[in-house]
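Here is entry_31.cif, consisting of mmCIF, C-alpha atoms and all ligand atoms:
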data_model
loop_
_atom_site.label_atom_id
_atom_site.label_comp_id
_atom_site.auth_asym_id
_atom_site.auth_seq_id
_atom_site.Cartn_x
_atom_site.Cartn_y
_atom_site.Cartn_z
CA MET A 1 16.96 32.61 6.57
CA LYS A 2 18.60 30.72 9.43
CA LEU A 3 17.24 31.19 12.96
CA VAL A 4 19.01 34.08 14.71
CA PRO A 5 19.60 34.95 18.40
CA MET A 6 16.75 37.07 19.74
CA LYS A 7 19.19 39.67 21.06
CA ASP A 8 20.29 40.51 17.50
CA ILE A 9 16.80 41.33 16.26
CA LEU A 10 15.84 43.20 19.45
CA GLU A 11 18.82 45.43 18.72
CA ILE A 12 17.44 46.11 15.23
CA ALA A 13 14.07 46.94 16.83
CA GLY A 14 15.80 49.34 19.24
CA LYS A 15 17.55 51.17 16.41
CA ARG A 16 14.28 51.47 14.49
CA GLY A 17 12.29 52.48 17.59
CA ILE A 18 9.74 49.68 17.05
CA ALA A 19 8.69 46.53 18.89
CA LEU A 20 8.77 43.00 17.49
CA GLY A 21 5.84 40.61 17.69
CA ALA A 22 6.46 37.36 19.56
CA PHE A 23 3.85 34.80 18.54
CA GLU A 24 3.09 31.57 20.36
CA PHE A 25 3.08 28.81 17.70
CA TRP A 26 2.27 25.12 17.78
CA SER A 27 2.20 23.97 14.15
CA PHE A 28 3.47 24.64 10.64
CA ASP A 29 0.47 26.82 9.77
CA SER A 30 0.72 29.02 12.87
CA ALA A 31 4.49 29.50 12.32
CA GLU A 32 3.92 30.22 8.63
CA ASP A 33 1.28 32.86 9.49
CA ALA A 34 3.64 34.85 11.73
CA VAL A 35 6.74 34.57 9.52
CA SER A 36 5.06 35.27 6.17
CA ALA A 37 3.29 38.33 7.63
CA ALA A 38 6.62 39.57 9.05
CA GLU A 39 8.28 39.12 5.67
CA GLU A 40 5.55 41.12 3.96
CA LEU A 41 5.98 43.93 6.50
CA GLY A 42 9.79 43.78 6.43
CA VAL A 43 10.17 43.30 10.21
CA PRO A 44 12.03 40.56 12.12
CA VAL A 45 9.80 38.23 14.12
CA ILE A 46 9.94 35.96 17.16
CA LEU A 47 8.36 32.51 17.18
CA GLN A 48 7.88 31.30 20.72
CA THR A 49 6.55 28.32 22.59
CA GLY A 50 6.21 27.29 26.20
CA ALA A 51 5.62 24.02 28.04
CA LEU A 52 2.09 23.56 26.65
CA GLU A 53 3.22 23.68 23.00
CA ARG A 54 6.26 21.53 23.79
CA ASP A 55 4.11 18.80 25.29
CA PHE A 56 1.44 19.13 22.60
CA ASN A 57 4.10 18.52 19.94
CA GLY A 58 6.15 15.90 21.77
CA GLY A 59 9.23 17.94 22.59
CA CYS A 60 11.26 21.03 21.72
CA LYS A 61 13.12 19.43 18.81
CA ARG A 62 9.99 19.10 16.70
CA LEU A 63 9.12 22.74 17.28
CA ARG A 64 12.64 23.74 16.30
CA VAL A 65 12.26 21.76 13.05
CA ILE A 66 9.02 23.63 12.29
CA ALA A 67 10.53 27.06 13.04
CA GLU A 68 13.73 26.31 11.13
CA THR A 69 11.87 25.00 8.08
CA VAL A 70 9.49 27.96 7.93
CA ALA A 71 12.30 30.50 8.53
CA ALA A 72 14.37 28.94 5.71
CA ASP A 73 11.56 29.65 3.24
CA HIS A 74 11.29 33.37 4.06
CA ASP A 75 13.61 36.32 3.68
CA VAL A 76 13.25 37.76 7.17
CA PRO A 77 15.19 37.20 10.45
CA VAL A 78 13.38 34.81 12.84
CA ALA A 79 14.29 33.99 16.44
CA LEU A 80 12.99 30.90 18.23
CA HIS A 81 12.27 31.67 21.87
CA TYR A 82 11.21 29.46 24.81
CA ASP A 83 8.78 31.43 26.95
CA HIS A 84 8.23 31.14 30.72
CA GLY A 85 10.62 28.35 31.55
CA VAL A 86 10.48 27.67 35.28
CA SER A 87 13.52 25.41 35.73
CA TYR A 88 17.10 24.99 34.53
CA GLU A 89 16.33 21.52 33.11
CA GLU A 90 13.41 22.77 31.06
CA LEU A 91 15.54 25.47 29.42
CA LEU A 92 18.47 23.11 28.91
CA GLU A 93 16.14 20.97 26.75
CA ALA A 94 15.19 24.04 24.70
CA ALA A 95 18.83 25.12 24.28
CA ASP A 96 19.85 21.59 23.30
CA ALA A 97 17.02 21.44 20.77
CA GLY A 98 18.31 24.55 18.99
CA TYR A 99 16.19 27.39 20.38
CA THR A 100 17.94 30.74 19.91
CA SER A 101 16.55 32.34 23.07
CA ILE A 102 15.35 31.13 26.48
CA MET A 103 13.28 32.84 29.15
CA ILE A 104 13.37 32.03 32.84
CA ASP A 105 10.37 33.15 34.86
CA ALA A 106 11.32 33.11 38.52
CA SER A 107 9.34 36.30 39.13
CA ALA A 108 7.07 34.75 41.77
CA LYS A 109 10.11 33.78 43.87
CA PRO A 110 11.82 36.14 46.32
CA TYR A 111 14.18 38.64 44.64
CA ALA A 112 17.42 36.86 45.66
CA GLU A 113 16.19 33.52 44.27
CA ASN A 114 15.09 35.18 41.03
CA VAL A 115 18.59 36.67 40.66
CA GLU A 116 20.27 33.33 41.42
CA LEU A 117 18.24 31.26 38.93
CA THR A 118 18.38 33.97 36.26
CA ARG A 119 22.18 34.07 36.59
CA ARG A 120 22.35 30.32 35.91
CA ILE A 121 20.15 30.71 32.82
CA VAL A 122 22.25 33.62 31.55
CA GLU A 123 25.34 31.37 31.85
CA LEU A 124 23.52 28.54 30.10
CA SER A 125 22.52 30.80 27.22
CA HIS A 126 26.10 32.06 26.84
CA ARG A 127 27.37 28.49 26.59
CA TYR A 128 25.00 27.92 23.66
CA PHE A 129 25.60 31.35 22.08
CA ILE A 130 21.90 32.17 22.38
CA SER A 131 19.87 34.94 24.05
CA ASN A 132 17.95 35.12 27.30
CA GLU A 133 15.04 36.90 28.97
CA ALA A 134 13.94 37.10 32.60
CA GLU A 135 11.01 38.66 34.44
CA LEU A 136 10.73 40.97 37.41
CA GLY A 137 7.41 41.86 38.97
CA VAL A 138 4.36 39.60 38.82
CA MET A 139 1.58 39.59 36.22
CA ALA A 140 -1.86 38.20 36.96
CA GLY A 141 -3.60 35.63 34.78
CA ASN A 142 -2.76 32.40 32.95
CA GLU A 143 -0.09 31.85 30.35
CA GLY A 144 0.86 28.36 29.40
CA ALA A 145 1.74 26.49 32.55
CA VAL A 146 2.08 29.71 34.59
CA SER A 147 -0.91 31.01 36.53
CA ARG A 148 -1.06 33.70 39.22
CA ASP A 149 -3.85 35.53 41.03
CA LYS A 150 -2.13 38.63 42.31
CA GLU A 151 -0.05 41.17 40.45
CA ARG A 152 2.91 43.19 41.70
CA GLN A 153 4.30 45.80 39.33
CA THR A 154 8.03 46.01 38.60
CA ARG A 155 9.94 48.47 40.82
CA PRO A 156 12.45 50.62 38.91
CA GLU A 157 15.24 50.45 41.52
CA GLU A 158 14.87 46.65 41.66
CA ALA A 159 14.94 46.45 37.85
CA GLU A 160 18.19 48.41 37.77
CA SER A 161 19.95 46.16 40.27
CA PHE A 162 18.44 42.99 38.75
CA VAL A 163 19.83 43.71 35.28
CA HIS A 164 23.19 44.65 36.79
CA GLU A 165 23.42 41.54 38.98
CA THR A 166 22.25 39.02 36.38
CA GLY A 167 23.60 40.40 33.08
CA VAL A 168 20.28 39.47 31.44
CA ASP A 169 19.75 40.34 27.72
CA SER A 170 16.12 41.45 27.96
CA LEU A 171 13.65 42.02 30.77
CA ALA A 172 9.91 41.37 30.99
CA VAL A 173 8.24 44.00 33.15
CA ALA A 174 4.90 43.95 34.96
CA ILE A 175 3.23 47.30 34.30
CA GLY A 176 -0.46 46.40 34.41
CA THR A 177 -1.00 43.82 31.67
CA ALA A 178 -2.41 40.38 32.45
CA HIS A 179 -1.81 37.00 30.84
CA GLY A 180 -4.68 35.46 28.89
CA LEU A 181 -7.85 37.43 28.17
CA TYR A 182 -8.54 40.36 30.47
CA THR A 183 -11.09 39.96 33.22
CA PHE A 184 -10.72 43.69 34.02
CA LYS A 185 -10.17 46.92 32.08
CA PRO A 186 -6.46 47.09 31.24
CA GLN A 187 -4.58 50.18 32.33
CA LEU A 188 -0.87 50.29 31.56
CA ASN A 189 1.32 52.15 34.03
CA ILE A 190 3.26 54.23 31.50
CA GLU A 191 4.84 56.38 34.22
CA ARG A 192 6.30 53.27 35.80
CA LEU A 193 7.63 52.14 32.42
CA LYS A 194 9.33 55.51 31.90
CA GLU A 195 11.02 55.25 35.29
CA ILE A 196 12.24 51.72 34.50
CA LYS A 197 13.50 52.79 31.09
CA LYS A 198 15.56 55.58 32.67
CA VAL A 199 17.63 53.10 34.70
CA VAL A 200 17.61 49.96 32.48
CA SER A 201 19.35 49.81 29.10
CA VAL A 202 18.40 46.27 27.94
CA PRO A 203 15.29 45.79 25.73
CA LEU A 204 12.04 45.64 27.71
CA VAL A 205 9.34 43.06 27.03
CA LEU A 206 5.56 43.38 27.36
CA HIS A 207 3.84 40.12 28.24
CA GLY A 208 0.09 39.82 28.24
CA GLY A 209 -0.26 41.81 25.01
CA SER A 210 -3.54 40.13 24.05
CA GLY A 211 -6.51 42.48 24.34
CA THR A 212 -4.45 45.49 25.49
CA PRO A 213 -5.87 48.55 23.64
CA ASP A 214 -3.79 49.61 20.62
CA ASP A 215 -3.10 53.15 21.86
CA MET A 216 -1.67 51.83 25.14
CA VAL A 217 0.54 49.36 23.29
CA ARG A 218 1.75 52.14 20.98
CA GLU A 219 2.60 54.38 23.92
CA SER A 220 4.50 51.58 25.65
CA ILE A 221 6.58 51.09 22.48
CA ARG A 222 7.33 54.82 22.37
CA GLN A 223 8.56 54.47 25.95
CA GLY A 224 10.91 51.55 25.29
CA ILE A 225 9.02 48.24 24.89
CA ARG A 226 10.84 46.23 22.18
CA LYS A 227 8.99 42.89 22.23
CA VAL A 228 5.27 42.28 22.63
CA ASN A 229 4.03 38.74 23.34
CA ILE A 230 0.88 37.62 21.55
CA CYS A 231 -0.43 34.26 22.64
CA THR A 232 -4.11 34.16 23.51
CA GLU A 233 -5.29 36.47 20.72
CA PHE A 234 -3.39 34.47 18.10
CA VAL A 235 -4.85 31.15 19.28
CA LYS A 236 -8.30 32.75 19.56
CA ALA A 237 -8.12 34.04 15.95
CA PHE A 238 -7.64 30.44 14.76
CA GLY A 239 -10.34 29.05 17.03
CA ALA A 240 -12.98 31.68 16.28
CA ALA A 241 -12.49 31.47 12.49
CA TYR A 242 -12.57 27.68 12.57
CA THR A 243 -15.83 27.62 14.51
CA ALA A 244 -17.45 30.40 12.45
CA ALA A 245 -16.60 28.74 9.13
CA GLN A 246 -18.16 25.47 10.25
CA ALA A 247 -21.30 27.23 11.48
CA ARG A 248 -21.61 29.13 8.20
CA GLU A 249 -20.93 26.37 5.73
CA GLY A 250 -21.38 23.14 7.63
CA PHE A 251 -18.64 20.56 7.83
CA LYS A 252 -16.76 19.94 4.62
CA TYR A 253 -13.99 17.47 5.12
CA SER A 254 -11.22 18.80 2.95
CA VAL A 255 -8.16 20.34 4.54
CA PRO A 256 -8.50 23.81 2.96
CA SER A 257 -12.19 24.18 3.83
CA LEU A 258 -11.73 22.87 7.35
CA PHE A 259 -8.48 24.68 8.29
CA GLY A 260 -8.10 27.41 5.64
CA PRO A 261 -10.26 30.10 7.31
CA ALA A 262 -8.41 29.59 10.61
CA LYS A 263 -5.03 29.91 8.93
CA ALA A 264 -6.13 33.07 7.12
CA ALA A 265 -7.46 34.60 10.35
CA GLY A 266 -4.20 33.84 12.16
CA ARG A 267 -2.20 35.52 9.44
CA ALA A 268 -4.45 38.59 9.44
CA LEU A 269 -4.07 38.90 13.22
CA ALA A 270 -0.28 38.54 13.07
CA TYR A 271 -0.07 41.09 10.25
CA SER A 272 -2.20 43.70 12.05
CA LYS A 273 -0.25 43.31 15.30
CA MET A 274 3.17 43.69 13.67
CA LYS A 275 1.95 46.62 11.63
CA LEU A 276 0.85 48.32 14.86
CA PHE A 277 4.15 47.51 16.61
CA ALA A 278 6.18 48.97 13.70
CA LEU A 279 4.29 52.29 13.49
CA LYS A 280 6.25 55.40 14.37
ZN ZN B 301 4.23 35.96 29.64
#

Just dump the structure as structure tokens.
Amino acid sequence: MKLVPMKDILEIAGKRGIALGAFEFWSFDSAEDAVSAAEELGVPVILQTGALERDFNGGCKRLRVIAETVAADHDVPVALHYDHGVSYEELLEAADAGYTSIMIDASAKPYAENVELTRRIVELSHRYFISNEAELGVMAGNEGAVSRDKERQTRPEEAESFVHETGVDSLAVAIGTAHGLYTFKPQLNIERLKEIKKVVSVPLVLHGGSGTPDDMVRESIRQGIRKVNICTEFVKAFGAAYTAAQAREGFKYSVPSLFGPAKAAGRALAYSKMKLFALK
């Protein structure tokens, strides 16, 4: 299928009461893993990249070609999302390249500046007929080019006014997850999520999904999370399988023996995550 705006498939997720997986990809095999697993499960999927994958691949256009090519070969809706953009120029490149959704992360800035920059990105996305996401509240940890020490959870009253003032399509909330692998025991603030959900009608996004216990993720979906980002765990599945296969069998220099186990592990991870997110 053709790439679709993220807003459209988040609406489908809302109607079905499930969350969609958003997988960080960097290559044909990582994109294929996420999309083919989604097709098998019959759920829409989000392919996303940030600045690290853009630079690794030499620009947004190449990533769009990968996503578009893989999506065309599968019978499932796919959105191409740019995660954690920090400037207007960065997201303009993604929109120009054909991404169907862009995220601005101005969450570390003061509230008024976050609103101002998010408004500009919402306008930009409307000009390109694509979707947008913004973030309120601060998550700890590293994701792509974004790294922060301290966390500050999203305040419900601020979330309500933020969505109203910016007109944003979807909102990433900080409710206790961290980016990257956890260095502490994760504890999601489900009460906080419930309070946010009461006053915000746009789809809510859970960043820092990697390593969050399944039961907590399930509960957050019951309480309104519609998109769960999986970056570190997906990359780790490839890396761990690659290393293990070499240790087990020694180096064999054919493409399937060198990269096959990693590709299979990535697909298995994507499949299990989306299956979890689609459970009632
Ligand atoms: Zn994130």

Check which residues fall inside 12 Å of ligand ZN 301 (chain B) when counting all atoms listed in the file, and print them as JSON, numbers by chain.
-> {"A": [22, 23, 24, 48, 49, 50, 81, 82, 83, 84, 85, 86, 103, 104, 105, 106, 107, 133, 134, 135, 136, 137, 138, 139, 140, 141, 142, 143, 144, 145, 146, 147, 148, 171, 172, 173, 174, 177, 178, 179, 180, 205, 206, 207, 208, 209, 210, 227, 228, 229, 230, 231, 232]}

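Between atom CA of A:Ser27 and atom CA of A:Gln246 there is a distance of 20.8 Å.
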
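Across the structure, atom CA of A:Leu188 and atom CA of A:Gly176 are spaced 4.8 Å apart.
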
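When only C-alpha atoms are used to compute distances to A:Val35, the closest of the residues A:Ala270, A:Ile225, A:Ala95, A:Ala265 turns out to be A:Ala270.
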
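The residue that comes closest to A:Ile66, out of A:Leu181, A:Leu80, A:Met1, A:Ile130 and on the basis of all atoms listed in the file, is A:Leu80.
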
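Of the listed residues A:Gly266, A:Pro203, A:Pro256, A:Pro156, the one whose atoms come nearest to A:Asp8 is A:Pro203, with distances taken using all atoms listed in the file.
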
Give as a count of residues only every residue, naming chains and numbers as the document does, that has an atom within 12 Å of (10.6, 18.5, 29.8), counting all atoms listed in the file.
-> 25

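The shortest atom-to-atom distance to A:Glu68, with all atoms listed in the file taken into account, belongs to A:Leu3 out of A:Ile18, A:Leu3, A:Ala13, A:Leu124.
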
Box in all listed atoms of stretch 93-108 of chain A, axis-aligned, with 6 Å more on each side; write out centre and edge lengths in Å to one decimal as JSON.
{"center_x": 13.5, "center_y": 28.6, "center_z": 30.4, "size_x": 24.8, "size_y": 27.3, "size_z": 34.8}

What gap, in Å, lies between atom CA of A:Trp26 and atom CA of A:Thr243?
-> 18.6 Å

A:Asn132 environment, 9 Å, all atoms listed in the file, sequence neighbours closer than 4 positions dropped, as number ranges by chain = A: 6-7, 81, 100-104, 121-122, 125-126, 168-171

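Using only C-alpha atoms, the contacts of A:Ile9 at a cut-off of 8 Å, with sequence neighbours closer than 6 positions omitted, comprise A:Pro44, A:Val45, A:Pro77, A:Ala79.
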
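Among A:Ile46, A:Leu276, A:Ala37, A:Ala268, the residue with the shortest atom-to-atom distance to A:His74, counting only C-alpha atoms, is A:Ala37.
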
Name the residues in contact with stretch 195-197 of chain A at a cut-off of 8 Å, using only C-alpha atoms, excluding same-chain residues fewer than 2 positions from it; report them as a ChimeraX atom specification.
-> /A:155-157,159-160,191-193,199-201,223-224

If I only have part of stretch 225-254 of chain A, can you fill in N, CA and C atoms and write it as a short mmCIF file (atom, residue, chain, number, x, y, z; two decimals), in the frame of the given file?
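Written file, part08.cif:
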data_model
loop_
_atom_site.label_atom_id
_atom_site.label_comp_id
_atom_site.auth_asym_id
_atom_site.auth_seq_id
_atom_site.Cartn_x
_atom_site.Cartn_y
_atom_site.Cartn_z
N ILE A 225 9.32 49.67 25.07
CA ILE A 225 9.02 48.24 24.89
C ILE A 225 9.52 47.81 23.51
N ARG A 226 10.25 46.69 23.45
CA ARG A 226 10.84 46.23 22.18
C ARG A 226 10.33 44.86 21.73
N LYS A 227 9.56 44.20 22.59
CA LYS A 227 8.99 42.89 22.23
C LYS A 227 7.62 42.81 22.87
N VAL A 228 6.62 42.44 22.08
CA VAL A 228 5.27 42.28 22.63
C VAL A 228 4.82 40.83 22.38
N ASN A 229 4.47 40.13 23.46
CA ASN A 229 4.03 38.74 23.34
C ASN A 229 2.56 38.67 22.98
N ILE A 230 2.27 37.86 21.95
CA ILE A 230 0.88 37.62 21.55
C ILE A 230 0.64 36.12 21.57
N CYS A 231 -0.13 35.69 22.54
CA CYS A 231 -0.43 34.26 22.64
C CYS A 231 -1.93 34.03 22.48
N THR A 232 -2.69 34.46 23.48
CA THR A 232 -4.11 34.16 23.51
C THR A 232 -4.85 34.67 22.27
N GLU A 233 -4.57 35.89 21.87
CA GLU A 233 -5.29 36.47 20.72
C GLU A 233 -5.01 35.70 19.43
N PHE A 234 -3.80 35.22 19.29
CA PHE A 234 -3.39 34.47 18.10
C PHE A 234 -4.15 33.12 18.07
N VAL A 235 -4.14 32.44 19.19
CA VAL A 235 -4.85 31.15 19.28
C VAL A 235 -6.35 31.37 19.07
N LYS A 236 -6.87 32.45 19.65
CA LYS A 236 -8.30 32.75 19.56
C LYS A 236 -8.70 33.05 18.11
N ALA A 237 -7.82 33.73 17.36
CA ALA A 237 -8.12 34.04 15.95
C ALA A 237 -8.35 32.74 15.18
N PHE A 238 -7.48 31.75 15.41
CA PHE A 238 -7.64 30.44 14.76
C PHE A 238 -8.96 29.79 15.19
N GLY A 239 -9.18 29.74 16.49
CA GLY A 239 -10.34 29.05 17.03
C GLY A 239 -11.65 29.66 16.58
N ALA A 240 -11.73 30.99 16.63
CA ALA A 240 -12.98 31.68 16.28
C ALA A 240 -13.29 31.51 14.80
N ALA A 241 -12.27 31.59 13.94
CA ALA A 241 -12.49 31.47 12.49
C ALA A 241 -12.88 30.03 12.13
N TYR A 242 -12.27 29.10 12.80
CA TYR A 242 -12.57 27.68 12.57
C TYR A 242 -14.04 27.41 12.89
N THR A 243 -14.46 27.86 14.06
CA THR A 243 -15.83 27.62 14.51
C THR A 243 -16.83 28.34 13.61
N ALA A 244 -16.53 29.60 13.27
CA ALA A 244 -17.45 30.40 12.45
C ALA A 244 -17.62 29.79 11.06
N ALA A 245 -16.53 29.32 10.48
CA ALA A 245 -16.60 28.74 9.13
C ALA A 245 -17.47 27.48 9.14
N GLN A 246 -17.35 26.70 10.18
CA GLN A 246 -18.16 25.47 10.25
C GLN A 246 -19.64 25.81 10.42
N ALA A 247 -19.91 26.83 11.23
CA ALA A 247 -21.30 27.23 11.48
C ALA A 247 -21.93 27.77 10.19
N ARG A 248 -21.12 28.49 9.42
CA ARG A 248 -21.61 29.13 8.20
C ARG A 248 -21.86 28.11 7.10
N GLU A 249 -20.90 27.23 6.92
CA GLU A 249 -20.93 26.37 5.73
C GLU A 249 -21.21 24.91 6.02
N GLY A 250 -21.25 24.55 7.30
CA GLY A 250 -21.38 23.14 7.63
C GLY A 250 -20.05 22.45 7.43
N PHE A 251 -19.92 21.26 7.93
CA PHE A 251 -18.64 20.56 7.83
C PHE A 251 -18.37 20.04 6.44
N LYS A 252 -17.23 20.48 5.89
CA LYS A 252 -16.76 19.94 4.62
C LYS A 252 -15.38 19.38 4.90
N TYR A 253 -15.23 18.09 4.67
CA TYR A 253 -13.99 17.47 5.12
C TYR A 253 -12.88 17.48 4.07
N SER A 254 -12.48 18.68 3.69
CA SER A 254 -11.22 18.80 2.95
C SER A 254 -10.35 19.72 3.79
#
